[in-house]
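Read the structure below first, then the notes.
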Amino acid sequence: MAAVAMLAPMGCSFGGDEEPQPVSGVPKAIVATVDQLGRAIAEQDYATVCGRLFTEDARRRAGGKDCVAQLRSSGEDVRRPSIEIRGIDLKDDRATVKVETRAEGQARVSDTLELRREDGRWLIEALS
């Protein structure tokens with residue numbers, strides 16, 4: 001989870017030479033959540049991650065009332081983290097986001113984020 005940080009692509013390509021098209025609708029909202037997560041981690045703003053971006057279940061798994069301290073501890077040595085979205089699989093109020101993460105001095109890692117829509121907002125349910 002500590003390697004999750006900045007969102008790179010904000011569009012998707014529909015052909016070899018075509019310009020990337022802007023993301024809209026539900027995928028745009030999902031991208032926005034991942035982008036917020038990336039910015040918060042890059043800025044070491046773990047209070048935002050725990051309090052605004054995680055579902056209650058994710059917050060509990062990340063330490064509950066100690067969520068902020070747990071995330072801070074796991075991310076303290078991570079430098080210049082980044083994330084690139086590779087795909088979004090949407091099913092009703094759940095989304096699986098395939099990403100590649102990396103940080104300075106670390107290899108690229110394929111990862112998956114699970115998001116769930118609660119009260120009209122897309123929140124992080126799980127980081128694998």
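We label chains A, B, ... in the order they appear in the structure tokens, count residues from 1 in each chain, and number ligands from 1 in the order shown.
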For A:Thr33, find every residue with an atom within 9 Å (counting only C-alpha atoms), except residues of its own chain fewer than 5 positions away, and show them as an mmCIF file with C-alpha atoms, in the first residue's frame.
```cif
data_model
loop_
_atom_site.group_PDB
_atom_site.id
_atom_site.type_symbol
_atom_site.label_atom_id
_atom_site.label_comp_id
_atom_site.auth_asym_id
_atom_site.auth_seq_id
_atom_site.Cartn_x
_atom_site.Cartn_y
_atom_site.Cartn_z
ATOM 1 C CA LYS A 28 -13.808 9.543 -14.078
ATOM 2 C CA GLY A 38 -2.045 9.075 -4.715
ATOM 3 C CA LEU A 53 -10.795 7.684 1.171
ATOM 4 C CA LEU A 115 -13.309 0.321 -4.685
ATOM 5 C CA ARG A 121 -18.695 8.383 -3.538
ATOM 6 C CA TRP A 122 -16.099 5.830 -4.641
ATOM 7 C CA LEU A 123 -14.002 4.703 -1.670
ATOM 8 C CA ILE A 124 -11.034 2.354 -1.323
#
```
Test item: residues at most 6 Å from A:Ala103, only C-alpha atoms, excluding those fewer than 5 positions along its chain, as a PyMOL selection string | chain A and resi 79-81
Among the residues A:Arg116, A:Glu76, A:Gly25, A:Gln106, the one that comes closest to A:Tyr46 [using only C-alpha atoms] | A:Glu76
Close residues, A:Val49 itself excluded, 12 Å, only C-alpha atoms, min 6 positions apart in chain, as a PyMOL selection string = chain A and resi 1-2+4-5+33-43+55-56+58-59+62+67-72+123-125
How many Å separate atom CA of A:Arg60 from atom CA of A:Arg108?
-> 27.6 Å
As JSON, numbers by chain, list the residues of stretch 3-121 of chain A assigned to helix (DSSP H, G or I) by DSSP on the backbone atoms of this structure.
-> {"A": [25, 26, 27, 28, 29, 30, 31, 32, 33, 34, 35, 36, 37, 38, 39, 40, 41, 42, 46, 47, 48, 49, 50, 51, 52, 53, 56, 57, 58, 59, 60, 61, 64, 65, 66, 67, 68, 69, 70, 71, 72, 73, 74, 75]}
With only C-alpha atoms as the basis for distance, which of A:Ile83, A:Gly51, A:Val97, A:Val31 is at the shortest distance from A:Asp66?
-> A:Gly51
DSSP on the backbone: what in stretch 21-82 of chain A comes out strand (DSSP E or B), as a list in words?
-> Gln21, Pro22, Phe54 and Ser82 of chain A
Generate the output file for the selected residues, N, CA and C atoms, as a short mmCIF file (atom, residue, chain, number, x, y, z; two decimals), in the first residue's frame.
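Below is the file that was written, selection-v3.cif:
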```
data_model
loop_
_atom_site.label_atom_id
_atom_site.label_comp_id
_atom_site.auth_asym_id
_atom_site.auth_seq_id
_atom_site.Cartn_x
_atom_site.Cartn_y
_atom_site.Cartn_z
N GLN A 21 -8.66 10.04 -25.24
CA GLN A 21 -9.95 10.66 -24.98
C GLN A 21 -10.10 10.88 -23.48
N PRO A 22 -10.71 11.98 -23.08
CA PRO A 22 -10.89 12.22 -21.65
C PRO A 22 -11.82 11.18 -21.04
N PHE A 54 -10.85 5.74 2.62
CA PHE A 54 -11.07 4.34 2.96
C PHE A 54 -12.52 4.11 3.38
N SER A 82 4.61 6.39 -7.20
CA SER A 82 3.71 6.71 -8.31
C SER A 82 2.82 5.52 -8.61
#
```
